[in-house]
Amino acid sequence: MSDQSASFLPIAQNQARFRELVSDALSHAKTLGASDATAEVSESRGLSVSVRNNDIETVEQTRDRSLDVTVFAGQRRGSASTSDFSPEALRETVAAAWHIASYTAADPAAGLPEANLLATEFPDLALHHPWDISAEAAAKLAIQAERAASKTSKLITNTDGASVDTYEGHFVLGNSRGFMGGYPYSRHSLSVAPIAGRGANMQRDYWYTTARAAGDLADPGAVGRYAAERTLARLSARRIKTGRFPVLFEAPLAVGLLGALVQATSGGALYRKASFLLDSLGKQVLADHLDVSENPMIQGAMGSSAFDSEGVRTSSRDVVVAGMLQGYFLSTYTARKLNMQTTGNAGGSHNLHFTSRLTRPEDDFQAMLKKMGTGFLVTELIGQGVNYVTGDYSRGAFGYWVEGGEIRHAVQEVTIAGNLVDMLRQIVAIGADSITRGSKTTGSILIEQMAIAGQ
């Protein structure tokens with residue numbers, strides 16, 4: 001293969017080539033006078049097929065590759081990138097990064113992680129399961145899901161389409177302090193979005209399945225039927241009166257509450273003092289029956305990795321124990337800004353699990369409705385009304401009014417409001433109906449009370 005070729009060679013063959021490119025980039029940075037350097041070479045390809053009303057609507061094939069270099073002149077830093085892997089382009093890219101570093105201001109927090117923090121063991125976490133599927137075969141799966149949705153009820157009158165996406169890639173990351181590591185990965189998904197009703201009484205919902213391995217995706221027919229059932233349930237939507245009520249976040253949305261906790265305890269927000277949880281280490285941030293754990297070594301999980309995006313080794317830890325915050329989410333840079341040590345979270349969290357010590361195996365979704373009794377089940381949030389500095393939370397919402405533990409009707413055109421400080425401490429229960437979205441897992445979350453603005 002020439003360095004200009006876009007062909008995607010077998011992973012093992014390209015991994016060896018990528019290691020050579022990283023080594024060459026680091027070596028050239030040193031010859032220019034860099035005190036330290038890091039380089040990453042990556043390559044990916046994907047296929048996305050969407051259908052609508054049984055016809056193929058779009059077929060997209062993507063292929064990307066990149067060589068990214070960062071060099072340090074003491075505490076000055078410069079970065080550059082290229083998609084050309086030729087020796088000349090590599091040298092030019094390193095020189096460009098060095099040129100930028102020579103003109104930037106010194107930053108006391110800049111620099112590579114300490115060598116003793118870098119990963120040295122690289123277990124196989126089963127993250128790569130390529131899916132050799134043609135555009136035609138992908139379209140058939142999408143159409144199968146769409147048809148299953150349409151056949152669920154005559155009230156399903158249209159569709160926003162269905163899609164199948166498959167993606168795989170690999171990378172090698174290295175730095176001048178001795179780290180060199182990389183791995184292949186994949187992710188695949190199937191989604192469908194039916195439309196129910198006609199005229200002014202039309203509703204839309206969706207469902208999707210995603211996995212590292214295509215064999216772990218849910219059946220297309222099941223995805224389509226469930227998406228249709230969610231859409232049909234929305235046809236009874238109306239507004240409710242303003243008041244304060246218990247609120248149950250459906251599991252896929254409840255993941256967002258865990259995300260808010262991560263955002264507020266991440267180094268970037270903390271050192272900029274843009275968090276409602278400043279100086280919260282060792283303090284209560286959640287109800288005392290709640291725990292958050294992080295495990296980067298789960299086989300095949302979306303958030304698994306033996307090292308973070310700086311090469312720092314990852315490890316399992318308890319982030320929150322009995323409501324007390326045990327650790328932040330820090331990169332090398334943000335840790336130095338806070339006079340702390342990196343937690344191996346450059347690039348994000350690794351397989352977080354949000355659990356309650358009160359949860360029983362029988363606490364499924366129906367049981368959570370019973371726990372709430374009367375209140376508002378939230379299944380969709382609208383808008384970006386979250387202030388991470390103050391914790392103020394105000395979002396448009398769609399969901400269902402629940403009485404006596406039973407869903408009575410859908411609810412639209414309402415706003416739910418509160419403050420995340422209070423919301424996180426007023427979590428009454430977490431269901432056993434856990435779902436994983438990206439690197440976060442939780443069940444449905446019941447909050448004691450929130451303000452609901454209706455009519």
# chains A, B, ... in the order shown; residues from 1 in each chain; ligands from 1
>>> residues_around(residues="stretch 203-205 of chain A", least_positions_apart="2", cutoff="8 Å", atoms="only C-alpha atoms", output="list in words")
Ala193, Pro194, Ile195, Ala196, Gly197, Asn201, Trp207, Ala227, Ala228, Arg230, Thr231, Leu232, Arg234 and Leu235 of chain A
>>> write_last_selection(atoms="N, CA and C atoms", output="PDB file, in the first residue's frame")
ATOM      1  N   ALA A 193     -37.874   5.032  13.525  1.00  0.00           N
ATOM      2  CA  ALA A 193     -38.674   6.124  14.083  1.00  0.00           C
ATOM      3  C   ALA A 193     -40.036   6.174  13.405  1.00  0.00           C
ATOM      4  N   PRO A 194     -41.055   5.494  13.957  1.00  0.00           N
ATOM      5  CA  PRO A 194     -42.393   5.503  13.355  1.00  0.00           C
ATOM      6  C   PRO A 194     -43.169   6.777  13.692  1.00  0.00           C
ATOM      7  N   ILE A 195     -44.188   7.059  12.888  1.00  0.00           N
ATOM      8  CA  ILE A 195     -45.099   8.184  13.103  1.00  0.00           C
ATOM      9  C   ILE A 195     -46.524   7.632  13.192  1.00  0.00           C
ATOM     10  N   ALA A 196     -47.259   8.092  14.189  1.00  0.00           N
ATOM     11  CA  ALA A 196     -48.637   7.642  14.379  1.00  0.00           C
ATOM     12  C   ALA A 196     -49.598   8.817  14.280  1.00  0.00           C
ATOM     13  N   GLY A 197     -50.840   8.531  13.881  1.00  0.00           N
ATOM     14  CA  GLY A 197     -51.871   9.560  13.825  1.00  0.00           C
ATOM     15  C   GLY A 197     -51.845  10.354  12.539  1.00  0.00           C
ATOM     16  N   ASN A 201     -53.034  15.605  15.194  1.00  0.00           N
ATOM     17  CA  ASN A 201     -52.794  14.580  16.220  1.00  0.00           C
ATOM     18  C   ASN A 201     -51.793  13.544  15.702  1.00  0.00           C
ATOM     19  N   TRP A 207     -36.756   4.022  18.651  1.00  0.00           N
ATOM     20  CA  TRP A 207     -35.978   3.124  19.504  1.00  0.00           C
ATOM     21  C   TRP A 207     -34.764   2.662  18.720  1.00  0.00           C
ATOM     22  N   ALA A 227     -40.585   0.427  19.025  1.00  0.00           N
ATOM     23  CA  ALA A 227     -40.642   1.824  18.597  1.00  0.00           C
ATOM     24  C   ALA A 227     -42.080   2.225  18.281  1.00  0.00           C
ATOM     25  N   ALA A 228     -42.823   1.325  17.644  1.00  0.00           N
ATOM     26  CA  ALA A 228     -44.226   1.603  17.318  1.00  0.00           C
ATOM     27  C   ALA A 228     -45.068   1.720  18.581  1.00  0.00           C
ATOM     28  N   ARG A 230     -44.129   2.645  21.523  1.00  0.00           N
ATOM     29  CA  ARG A 230     -43.809   3.918  22.172  1.00  0.00           C
ATOM     30  C   ARG A 230     -44.516   5.075  21.452  1.00  0.00           C
ATOM     31  N   THR A 231     -44.543   4.999  20.143  1.00  0.00           N
ATOM     32  CA  THR A 231     -45.197   6.058  19.370  1.00  0.00           C
ATOM     33  C   THR A 231     -46.696   6.069  19.604  1.00  0.00           C
ATOM     34  N   LEU A 232     -47.320   4.903  19.582  1.00  0.00           N
ATOM     35  CA  LEU A 232     -48.767   4.809  19.782  1.00  0.00           C
ATOM     36  C   LEU A 232     -49.188   5.324  21.154  1.00  0.00           C
ATOM     37  N   ARG A 234     -48.122   7.710  22.707  1.00  0.00           N
ATOM     38  CA  ARG A 234     -48.087   9.173  22.770  1.00  0.00           C
ATOM     39  C   ARG A 234     -49.375   9.829  22.259  1.00  0.00           C
ATOM     40  N   LEU A 235     -50.232   9.071  21.609  1.00  0.00           N
ATOM     41  CA  LEU A 235     -51.423   9.657  20.982  1.00  0.00           C
ATOM     42  C   LEU A 235     -52.417  10.223  21.994  1.00  0.00           C
TER      43      LEU A 235
END
>>> residues_around(residues="stretch 60-71 of chain A", least_positions_apart="2", cutoff="7 Å", atoms="only C-alpha atoms", output="ChimeraX atom specification")
/A:29,34,36-49,58,73,77-83,94,97-98,101
>>> residues_around(residues="A:Leu369", least_positions_apart="2", cutoff="8 Å", atoms="only C-alpha atoms", output="VMD selection string")
chain A and resid 248 365 to 367 371 to 373 402 405 to 406
>>> write_last_selection(atoms="C-alpha atoms", output="short mmCIF file (atom, residue, chain, number, x, y, z; two decimals), in the first residue's frame")
data_model
loop_
_atom_site.label_atom_id
_atom_site.label_comp_id
_atom_site.auth_asym_id
_atom_site.auth_seq_id
_atom_site.Cartn_x
_atom_site.Cartn_y
_atom_site.Cartn_z
CA LEU A 248 -39.55 9.15 37.36
CA PHE A 365 -40.15 -0.67 35.44
CA GLN A 366 -43.66 -1.55 36.59
CA ALA A 367 -42.45 -1.75 40.17
CA LYS A 371 -43.12 3.16 43.96
CA MET A 372 -43.93 6.55 42.49
CA GLY A 373 -47.67 6.11 42.93
CA VAL A 402 -49.20 8.12 36.52
CA GLY A 405 -48.85 3.20 39.94
CA GLU A 406 -50.57 2.98 36.53
#
>>> residues_around(residues="A:His170", least_positions_apart="2", cutoff="9 Å", atoms="only C-alpha atoms", output="list in words")
Ile11, Asn14, Gln15, Val41, Ser42, Glu43, Ser44, His128, Glu168, Val172, Gly182, Tyr183, Pro184, Tyr185 and Ser186 of chain A
>>> closest_residue(among="A:Gly404, A:Pro296, A:Gly396, A:Gly375", to="A:Leu352", atoms="only C-alpha atoms")
A:Pro296
>>> residues_around(residues="stretch 316-320 of chain A", least_positions_apart="6", cutoff="7 Å", atoms="only C-alpha atoms", output="JSON, numbers by chain")
{"A": [291, 292, 293, 294, 295, 296, 326, 327]}
>>> residues_around(residues="A:Gly344", least_positions_apart="4", cutoff="6 Å", atoms="only C-alpha atoms", output="ChimeraX atom specification")
/A:308,312,314
>>> select_by_dssp(residues="stretch 317-443 of chain A", states="strand (DSSP E or B)", output="JSON, numbers by chain")
{"A": [317, 318, 319, 320, 321, 324, 325, 329, 352, 353, 354, 355, 356, 375, 376, 377, 378, 379, 380, 381, 382, 386, 392, 393, 394, 395, 396, 397, 398, 399, 400, 401, 402, 403, 406, 407, 408, 409, 410, 411, 412, 413, 414, 415, 416, 417, 418, 419, 427, 428, 429, 430, 435, 436, 437, 440, 441, 442]}
>>> select_by_dssp(residues="stretch 194-226 of chain A", states="alpha helix (DSSP H)", output="PyMOL selection string")
chain A and resi 220-226
>>> write_last_selection(atoms="all heavy atoms", output="short mmCIF file (atom, residue, chain, number, x, y, z; two decimals), in the first residue's frame")
data_model
loop_
_atom_site.label_atom_id
_atom_site.label_comp_id
_atom_site.auth_asym_id
_atom_site.auth_seq_id
_atom_site.Cartn_x
_atom_site.Cartn_y
_atom_site.Cartn_z
N PRO A 220 -34.34 -6.91 14.58
CA PRO A 220 -34.95 -5.76 13.91
C PRO A 220 -36.46 -5.68 14.10
O PRO A 220 -37.02 -4.59 14.29
CB PRO A 220 -34.59 -5.98 12.44
CG PRO A 220 -33.36 -6.79 12.47
CD PRO A 220 -33.50 -7.69 13.65
N GLY A 221 -37.14 -6.82 14.05
CA GLY A 221 -38.58 -6.83 14.25
C GLY A 221 -38.96 -6.34 15.64
O GLY A 221 -39.92 -5.57 15.81
N ALA A 222 -38.21 -6.77 16.65
CA ALA A 222 -38.49 -6.35 18.03
C ALA A 222 -38.25 -4.86 18.21
O ALA A 222 -39.02 -4.17 18.89
CB ALA A 222 -37.63 -7.15 19.00
N VAL A 223 -37.20 -4.35 17.58
CA VAL A 223 -36.91 -2.92 17.67
C VAL A 223 -38.04 -2.12 17.02
O VAL A 223 -38.52 -1.12 17.57
CB VAL A 223 -35.56 -2.58 16.99
CG1 VAL A 223 -35.33 -1.07 16.95
CG2 VAL A 223 -34.41 -3.26 17.73
N GLY A 224 -38.49 -2.56 15.86
CA GLY A 224 -39.56 -1.87 15.16
C GLY A 224 -40.86 -1.87 15.94
O GLY A 224 -41.55 -0.84 16.05
N ARG A 225 -41.22 -3.03 16.50
CA ARG A 225 -42.47 -3.12 17.26
C ARG A 225 -42.43 -2.25 18.51
O ARG A 225 -43.41 -1.57 18.84
CB ARG A 225 -42.76 -4.58 17.63
CG ARG A 225 -43.23 -5.43 16.44
CD ARG A 225 -43.67 -6.80 16.88
NE ARG A 225 -42.57 -7.60 17.42
CZ ARG A 225 -41.76 -8.35 16.67
NH1 ARG A 225 -41.93 -8.40 15.35
NH2 ARG A 225 -40.80 -9.06 17.22
N TYR A 226 -41.30 -2.26 19.21
CA TYR A 226 -41.21 -1.46 20.43
C TYR A 226 -41.24 0.03 20.10
O TYR A 226 -41.89 0.82 20.81
CB TYR A 226 -39.94 -1.81 21.20
CG TYR A 226 -39.87 -1.13 22.55
CD1 TYR A 226 -40.88 -1.30 23.49
CD2 TYR A 226 -38.79 -0.32 22.89
CE1 TYR A 226 -40.83 -0.68 24.72
CE2 TYR A 226 -38.73 0.31 24.12
CZ TYR A 226 -39.76 0.12 25.04
OH TYR A 226 -39.70 0.75 26.26
#
